[in-house]
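Colleague: So that you have it, the file is structure.tsv, and it contains TSV, C-alpha atoms:
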```
chain	number	residue	atom	x	y	z
A	1	MET	CA	157.42	-54.21	12.42
A	2	ARG	CA	153.97	-53.51	13.72
A	3	THR	CA	153.63	-51.31	16.71
A	4	ILE	CA	150.63	-50.59	18.81
A	5	SER	CA	149.75	-47.08	19.71
A	6	THR	CA	147.65	-46.56	22.76
A	7	ALA	CA	145.15	-43.77	22.74
A	8	ILE	CA	144.11	-43.05	26.28
A	9	LEU	CA	140.54	-42.05	25.68
A	10	GLY	CA	137.79	-41.98	28.21
A	11	LEU	CA	139.66	-43.92	30.84
A	12	ALA	CA	136.77	-45.10	32.95
A	13	VAL	CA	136.92	-44.20	36.59
A	14	SER	CA	134.87	-46.34	38.87
A	15	ILE	CA	131.77	-45.21	40.70
A	16	GLY	CA	132.38	-43.46	43.97
A	17	LEU	CA	135.84	-42.30	42.97
A	18	ALA	CA	135.07	-39.90	40.13
A	19	GLY	CA	136.69	-36.53	40.67
A	20	SER	CA	138.37	-37.58	43.89
A	21	VAL	CA	142.07	-37.55	44.71
A	22	GLU	CA	141.98	-41.36	44.52
A	23	ALA	CA	140.55	-41.17	41.00
A	24	GLN	CA	143.27	-38.75	39.87
A	25	SER	CA	145.93	-41.00	41.36
A	26	ALA	CA	144.40	-44.10	39.75
A	27	ARG	CA	144.26	-42.34	36.41
A	28	SER	CA	147.89	-41.28	36.42
A	29	ASP	CA	149.07	-44.68	37.69
A	30	ILE	CA	147.11	-46.45	34.94
A	31	GLU	CA	148.35	-44.04	32.29
A	32	ALA	CA	151.92	-44.80	33.38
A	33	ALA	CA	151.21	-48.55	33.27
A	34	LEU	CA	149.78	-48.16	29.76
A	35	VAL	CA	153.03	-46.56	28.63
A	36	THR	CA	155.18	-49.44	29.93
A	37	PHE	CA	152.64	-51.98	28.59
A	38	THR	CA	152.89	-50.46	25.12
A	39	LYS	CA	156.70	-50.34	25.32
A	40	ALA	CA	156.82	-54.03	26.32
A	41	PHE	CA	154.51	-54.91	23.47
A	42	ASN	CA	156.47	-53.02	20.88
A	43	ALA	CA	159.73	-54.48	22.23
A	44	LYS	CA	158.17	-57.95	21.60
A	45	ASP	CA	158.77	-58.84	25.25
A	46	ALA	CA	155.92	-61.24	26.10
A	47	ALA	CA	157.07	-61.66	29.71
A	48	ALA	CA	157.05	-57.90	30.27
A	49	VAL	CA	153.64	-57.66	28.62
A	50	ALA	CA	152.31	-60.45	30.86
A	51	ALA	CA	153.69	-58.76	33.97
A	52	HIS	CA	151.07	-56.06	33.43
A	53	TYR	CA	148.27	-58.57	34.05
A	54	THR	CA	147.07	-59.84	37.43
A	55	GLU	CA	147.78	-63.51	38.23
A	56	ASP	CA	144.06	-64.23	37.76
A	57	ALA	CA	143.58	-62.04	34.68
A	58	ALA	CA	141.68	-63.17	31.61
A	59	ILE	CA	142.01	-62.00	28.03
A	60	LEU	CA	139.12	-62.42	25.59
A	61	PRO	CA	140.64	-62.48	22.10
A	62	PRO	CA	138.43	-62.42	18.99
A	63	ASP	CA	137.83	-65.78	17.32
A	64	SER	CA	139.63	-67.55	20.16
A	65	ARG	CA	138.58	-68.95	23.46
A	66	ARG	CA	139.11	-66.97	26.63
A	67	VAL	CA	142.63	-67.26	28.04
A	68	ASP	CA	142.90	-67.43	31.83
A	69	GLY	CA	145.89	-66.69	34.03
A	70	ARG	CA	149.09	-64.73	33.56
A	71	ASP	CA	151.16	-67.72	32.37
A	72	LYS	CA	148.70	-68.61	29.61
A	73	ILE	CA	148.39	-64.93	28.71
A	74	GLN	CA	152.17	-64.73	28.30
A	75	GLN	CA	152.02	-67.78	26.00
A	76	PHE	CA	149.25	-66.14	24.00
A	77	TRP	CA	151.19	-62.92	23.46
A	78	GLN	CA	154.39	-64.88	22.74
A	79	GLY	CA	152.50	-66.69	20.01
A	80	ALA	CA	151.19	-63.43	18.63
A	81	ILE	CA	154.70	-61.95	18.69
A	82	ASP	CA	156.22	-65.04	17.06
A	83	GLY	CA	153.52	-64.89	14.41
A	84	GLY	CA	154.41	-61.30	13.54
A	85	PHE	CA	151.34	-59.85	15.20
A	86	PRO	CA	148.89	-61.50	12.84
A	87	ILE	CA	146.10	-60.04	14.92
A	88	LEU	CA	147.12	-56.60	13.70
A	89	LYS	CA	147.37	-57.61	10.04
A	90	ALA	CA	144.67	-58.95	7.78
A	91	PRO	CA	144.74	-60.05	4.16
A	92	GLY	CA	142.89	-57.59	1.95
A	93	LYS	CA	141.98	-57.31	-1.72
A	94	ASP	CA	144.58	-59.15	-3.88
A	95	ASN	CA	146.06	-60.43	-0.62
A	96	ASN	CA	147.75	-57.12	0.07
A	97	PRO	CA	148.32	-56.46	3.73
A	98	VAL	CA	145.87	-54.08	5.28
A	99	ASP	CA	145.86	-52.03	8.42
A	100	GLN	CA	143.75	-53.62	11.08
A	101	ALA	CA	142.51	-51.12	13.60
A	102	GLY	CA	140.35	-52.14	16.51
A	103	LYS	CA	138.68	-51.35	19.75
A	104	TYR	CA	139.12	-52.62	23.28
A	105	ILE	CA	137.87	-52.43	26.81
A	106	VAL	CA	140.19	-53.27	29.66
A	107	ILE	CA	139.49	-53.53	33.37
A	108	TRP	CA	142.30	-52.52	35.69
A	109	LYS	CA	142.60	-53.82	39.23
A	110	LYS	CA	144.69	-52.46	42.08
A	111	GLY	CA	146.76	-55.13	43.79
A	112	THR	CA	147.57	-55.35	47.49
A	113	ASP	CA	150.97	-53.89	46.59
A	114	GLY	CA	149.21	-50.78	45.28
A	115	ALA	CA	150.07	-51.48	41.64
A	116	TRP	CA	147.39	-51.34	38.97
A	117	GLN	CA	147.27	-54.35	36.67
A	118	LEU	CA	145.08	-55.56	33.85
A	119	TYR	CA	142.33	-57.86	35.09
A	120	ARG	CA	140.19	-58.21	31.97
A	121	ASP	CA	141.11	-57.37	28.37
A	122	ILE	CA	138.78	-57.77	25.38
A	123	TRP	CA	139.20	-56.41	21.86
A	124	ASN	CA	137.93	-56.79	18.35
A	125	ALA	CA	138.68	-55.50	14.87
A	126	ASP	CA	137.35	-52.57	12.90
A	127	PRO	CA	136.66	-53.19	9.22
A	128	ALA	CA	139.99	-53.61	7.44
A	129	THR	CA	141.38	-50.61	5.55
A	130	GLN	CA	143.53	-51.15	2.45
A	131	GLN	CA	147.10	-49.86	2.83
B	1	MET	CA	114.83	-68.12	15.82
B	2	ARG	CA	118.06	-67.38	17.59
B	3	THR	CA	117.88	-66.45	21.21
B	4	ILE	CA	120.54	-65.09	23.44
B	5	SER	CA	121.07	-66.57	26.82
B	6	THR	CA	122.77	-64.44	29.38
B	7	ALA	CA	125.05	-66.07	31.84
B	8	ILE	CA	125.63	-63.73	34.72
B	9	LEU	CA	129.18	-64.62	35.59
B	10	GLY	CA	131.55	-62.54	37.57
B	11	LEU	CA	129.54	-59.35	37.44
B	12	ALA	CA	132.22	-56.83	38.21
B	13	VAL	CA	131.56	-54.59	41.15
B	14	SER	CA	133.43	-51.35	41.18
B	15	ILE	CA	136.22	-50.49	43.55
B	16	GLY	CA	135.14	-49.12	46.88
B	17	LEU	CA	131.73	-50.78	46.70
B	18	ALA	CA	132.65	-54.46	46.88
B	19	GLY	CA	130.73	-56.22	49.63
B	20	SER	CA	128.77	-53.14	50.60
B	21	VAL	CA	125.00	-52.71	50.65
B	22	GLU	CA	125.37	-50.45	47.58
B	23	ALA	CA	127.21	-53.22	45.74
B	24	GLN	CA	124.51	-55.77	46.55
B	25	SER	CA	121.82	-53.35	45.41
B	26	ALA	CA	123.73	-52.56	42.20
B	27	ARG	CA	124.19	-56.24	41.51
B	28	SER	CA	120.51	-57.12	41.88
B	29	ASP	CA	119.42	-54.06	39.87
B	30	ILE	CA	121.82	-54.97	37.06
B	31	GLU	CA	120.77	-58.62	37.13
B	32	ALA	CA	117.14	-57.49	36.75
B	33	ALA	CA	118.09	-55.19	33.86
B	34	LEU	CA	119.91	-58.08	32.18
B	35	VAL	CA	116.72	-60.15	32.32
B	36	THR	CA	114.64	-57.45	30.61
B	37	PHE	CA	117.47	-56.76	28.13
B	38	THR	CA	117.55	-60.43	27.15
B	39	LYS	CA	113.75	-60.56	26.86
B	40	ALA	CA	113.74	-57.48	24.59
B	41	PHE	CA	116.45	-59.01	22.45
B	42	ASN	CA	114.70	-62.32	22.07
B	43	ALA	CA	111.40	-60.53	21.36
B	44	LYS	CA	113.25	-58.77	18.48
B	45	ASP	CA	112.28	-55.40	19.96
B	46	ALA	CA	115.14	-53.08	19.00
B	47	ALA	CA	113.58	-50.07	20.76
B	48	ALA	CA	113.29	-51.98	24.02
B	49	VAL	CA	116.87	-53.23	23.62
B	50	ALA	CA	118.08	-49.66	23.00
B	51	ALA	CA	116.20	-48.39	26.06
B	52	HIS	CA	118.70	-50.35	28.17
B	53	TYR	CA	121.55	-48.14	26.95
B	54	THR	CA	122.41	-44.64	28.19
B	55	GLU	CA	121.83	-41.77	25.73
B	56	ASP	CA	125.61	-41.46	25.38
B	57	ALA	CA	126.33	-45.19	25.23
B	58	ALA	CA	128.68	-46.76	22.71
B	59	ILE	CA	128.73	-50.29	21.36
B	60	LEU	CA	131.91	-51.77	19.90
B	61	PRO	CA	130.85	-54.53	17.52
B	62	PRO	CA	133.41	-56.86	15.94
B	63	ASP	CA	134.42	-56.03	12.36
B	64	SER	CA	132.39	-52.82	12.51
B	65	ARG	CA	133.10	-49.31	13.57
B	66	ARG	CA	132.09	-48.11	17.00
B	67	VAL	CA	128.44	-47.04	17.19
B	68	ASP	CA	127.70	-44.00	19.37
B	69	GLY	CA	124.41	-42.92	20.92
B	70	ARG	CA	121.18	-44.71	21.76
B	71	ASP	CA	119.47	-43.89	18.43
B	72	LYS	CA	122.31	-45.33	16.35
B	73	ILE	CA	122.50	-48.32	18.69
B	74	GLN	CA	118.80	-48.98	18.11
B	75	GLN	CA	119.41	-48.85	14.35
B	76	PHE	CA	122.31	-51.27	14.73
B	77	TRP	CA	120.25	-53.82	16.66
B	78	GLN	CA	117.28	-53.34	14.29
B	79	GLY	CA	119.62	-54.21	11.43
B	80	ALA	CA	120.90	-57.26	13.30
B	81	ILE	CA	117.32	-58.35	14.03
B	82	ASP	CA	116.20	-57.77	10.43
B	83	GLY	CA	119.19	-59.76	9.25
B	84	GLY	CA	118.21	-62.73	11.40
B	85	PHE	CA	120.96	-62.17	13.96
B	86	PRO	CA	123.80	-62.83	11.53
B	87	ILE	CA	126.19	-61.98	14.30
B	88	LEU	CA	125.12	-65.15	16.08
B	89	LYS	CA	125.40	-67.38	13.01
B	90	ALA	CA	128.42	-68.17	10.90
B	91	PRO	CA	128.87	-70.33	7.84
B	92	GLY	CA	130.82	-73.48	8.65
B	93	LYS	CA	132.17	-76.46	6.76
B	94	ASP	CA	130.00	-77.20	3.70
B	95	ASN	CA	128.23	-73.91	4.45
B	96	ASN	CA	126.22	-75.52	7.24
B	97	PRO	CA	125.18	-73.07	9.92
B	98	VAL	CA	127.26	-73.19	13.05
B	99	ASP	CA	126.72	-72.03	16.55
B	100	GLN	CA	128.58	-68.83	17.22
B	101	ALA	CA	129.36	-68.37	20.87
B	102	GLY	CA	131.19	-65.35	22.14
B	103	LYS	CA	132.39	-63.21	24.97
B	104	TYR	CA	131.58	-59.70	26.10
B	105	ILE	CA	132.38	-57.00	28.58
B	106	VAL	CA	129.77	-54.40	29.38
B	107	ILE	CA	130.01	-51.31	31.56
B	108	TRP	CA	126.86	-50.30	33.42
B	109	LYS	CA	126.21	-46.76	34.55
B	110	LYS	CA	123.69	-45.52	37.10
B	111	GLY	CA	121.59	-42.63	35.80
B	112	THR	CA	120.35	-39.67	37.82
B	113	ASP	CA	117.01	-41.50	37.98
B	114	GLY	CA	118.72	-44.35	39.80
B	115	ALA	CA	118.38	-46.79	36.91
B	116	TRP	CA	121.36	-48.80	35.72
B	117	GLN	CA	121.93	-48.69	31.97
B	118	LEU	CA	124.54	-50.00	29.56
B	119	TYR	CA	127.26	-47.44	28.89
B	120	ARG	CA	129.79	-49.50	26.98
B	121	ASP	CA	129.28	-52.88	25.29
B	122	ILE	CA	131.98	-54.82	23.44
B	123	TRP	CA	131.91	-58.42	22.27
B	124	ASN	CA	133.65	-60.85	19.96
B	125	ALA	CA	133.25	-64.41	18.74
B	126	ASP	CA	134.64	-67.68	19.97
B	127	PRO	CA	135.83	-70.13	17.33
B	128	ALA	CA	132.76	-71.47	15.50
B	129	THR	CA	131.43	-74.89	16.53
B	130	GLN	CA	129.73	-77.10	13.95
B	131	GLN	CA	126.07	-77.86	14.76
```
The structure given in the file should be rewritten as structure tokens.

Modeller:
Amino acid sequence: MRTISTAILGLAVSIGLAGSVEAQSARSDIEAALVTFTKAFNAKDAAAVAAHYTEDAAILPPDSRRVDGRDKIQQFWQGAIDGGFPILKAPGKDNNPVDQAGKYIVIWKKGTDGAWQLYRDIWNADPATQQ
Amino acid sequence: MRTISTAILGLAVSIGLAGSVEAQSARSDIEAALVTFTKAFNAKDAAAVAAHYTEDAAILPPDSRRVDGRDKIQQFWQGAIDGGFPILKAPGKDNNPVDQAGKYIVIWKKGTDGAWQLYRDIWNADPATQQ
């Protein structure tokens, strides 16, 4: 089973908040949300994954059209889960499976309930590395 | 010659600024920078393109490793320009060229000189459409 590991690197803090108490709070809230997001993903729970997105979120998957709204996002991730995470596997030389690392930028948004959720999510692949 | 057209859609305004005078100013400054960025790109001027990025910027191109720093970013765009913008063309059915649309998220950062520059830039392709 493929798992995703989330490196929390350079979590961007928005202008006007940097260094403030609000920024520290945002950072720790988002780090906590990233942990539950990753757990949901690795548990193949598309509904729990989708719950981390705002109702009006959009994901921008490579080689696919943009997917708008939490319901459609849940369907997208369900499809990816059902397909055995094909987005994290790529055929390599002699059709051997290869690791597929990648990069992403996500935008988090704080809801009226105070919870941080994913508002925009875009990613793409690194060059494939033979296993 | 390929040109890029920049649709300014949903320019994200950071938390705490939305609706303020600062947000309006940021928006118009960034819109102006996008115009000169696009002109530089379409003039195939890699140095002028690179000048729109911060010194410590990173671009996250699809199927490539992350590229760090303005100098390396200039080299990347020079290569793309020299290659005839291969990132905007893809072979299609019968090897006919196809339009290659895509999606991106960029993060702008305001320098100490007050100028907004690109700090992070990630993009990926839509499904190819036959011309």

Colleague: Within 8 Å of chain A, which residues of chain B show up? Give each one with its shortest atom-to-atom distance in Å (one decimal) and the two atoms involved, counting only C-alpha atoms, rows by chain then rising residue number, as CSV.

Modeller:
```
residue,atom,partner,partner_atom,distance
B:Ser14,CA,A:Ser14,CA,5.7
B:Ile15,CA,A:Ser14,CA,6.4
B:Gly16,CA,A:Gly16,CA,6.9
B:Leu17,CA,A:Gly16,CA,7.8
B:Leu60,CA,A:Lys103,CA,6.8
B:Pro61,CA,A:Asn124,CA,7.5
B:Pro62,CA,A:Asn124,CA,5.1
B:Asp63,CA,A:Asp126,CA,4.6
B:Ser64,CA,A:Asp126,CA,5.0
B:Arg65,CA,A:Asp126,CA,5.4
B:Arg66,CA,A:Lys103,CA,7.8
B:Lys103,CA,A:Leu60,CA,6.8
B:Tyr104,CA,A:Ile122,CA,7.5
B:Ile105,CA,A:Ile122,CA,7.2
B:Ile122,CA,A:Ile105,CA,7.2
B:Trp123,CA,A:Asn124,CA,7.4
B:Asn124,CA,A:Pro62,CA,5.1
B:Ala125,CA,A:Asp63,CA,5.0
B:Asp126,CA,A:Asp63,CA,4.6
B:Pro127,CA,A:Asp63,CA,4.8
B:Ala128,CA,A:Asp63,CA,7.8
```

Colleague: Mind giving me the straight-line distance from CA of Trp77 in chain A to CA of Ala32 in chain A in Å, one decimal?

Modeller: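 Taking CA of Trp77 in chain A and CA of Ala32 in chain A, their separation equals 20.7 Å.
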
Colleague: Grab the CA of Ile30 in chain B to CA of Leu118 in chain B distance for me, in Å with one decimal place.

Modeller: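 These two atoms are separated by 9.4 Å.
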
Colleague: Would you mind reading off the distance between CA of Tyr119 in chain B and CA of Asp29 in chain B, one decimal, in Å?

Modeller: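 Between CA of Tyr119 in chain B and CA of Asp29 in chain B the gap is 15.0 Å.
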
Colleague: So that I can check the surroundings of Ala48 in chain B, please list as a CSV table (one decimal) with C-alpha atoms, in the frame of the given file every protein, DNA and RNA residue that reaches within 12 Å of it, counting only C-alpha atoms and ignoring chain neighbours fewer than 3 positions away.

Modeller:
```
chain,number,residue,atom,x,y,z
B,33,ALA,CA,118.1,-55.2,33.9
B,36,THR,CA,114.6,-57.4,30.6
B,37,PHE,CA,117.5,-56.8,28.1
B,38,THR,CA,117.6,-60.4,27.2
B,39,LYS,CA,113.8,-60.6,26.9
B,40,ALA,CA,113.7,-57.5,24.6
B,41,PHE,CA,116.4,-59.0,22.4
B,42,ASN,CA,114.7,-62.3,22.1
B,43,ALA,CA,111.4,-60.5,21.4
B,44,LYS,CA,113.2,-58.8,18.5
B,45,ASP,CA,112.3,-55.4,20.0
B,51,ALA,CA,116.2,-48.4,26.1
B,52,HIS,CA,118.7,-50.4,28.2
B,53,TYR,CA,121.6,-48.1,27.0
B,70,ARG,CA,121.2,-44.7,21.8
B,71,ASP,CA,119.5,-43.9,18.4
B,73,ILE,CA,122.5,-48.3,18.7
B,74,GLN,CA,118.8,-49.0,18.1
B,75,GLN,CA,119.4,-48.8,14.4
B,77,TRP,CA,120.2,-53.8,16.7
B,78,GLN,CA,117.3,-53.3,14.3
```

Colleague: Which of these, B:Ala80, B:Ser28, B:Asp68, B:Ala115, has the shortest distance to Val49 in chain B once you count only C-alpha atoms?

Modeller: B:Ala80
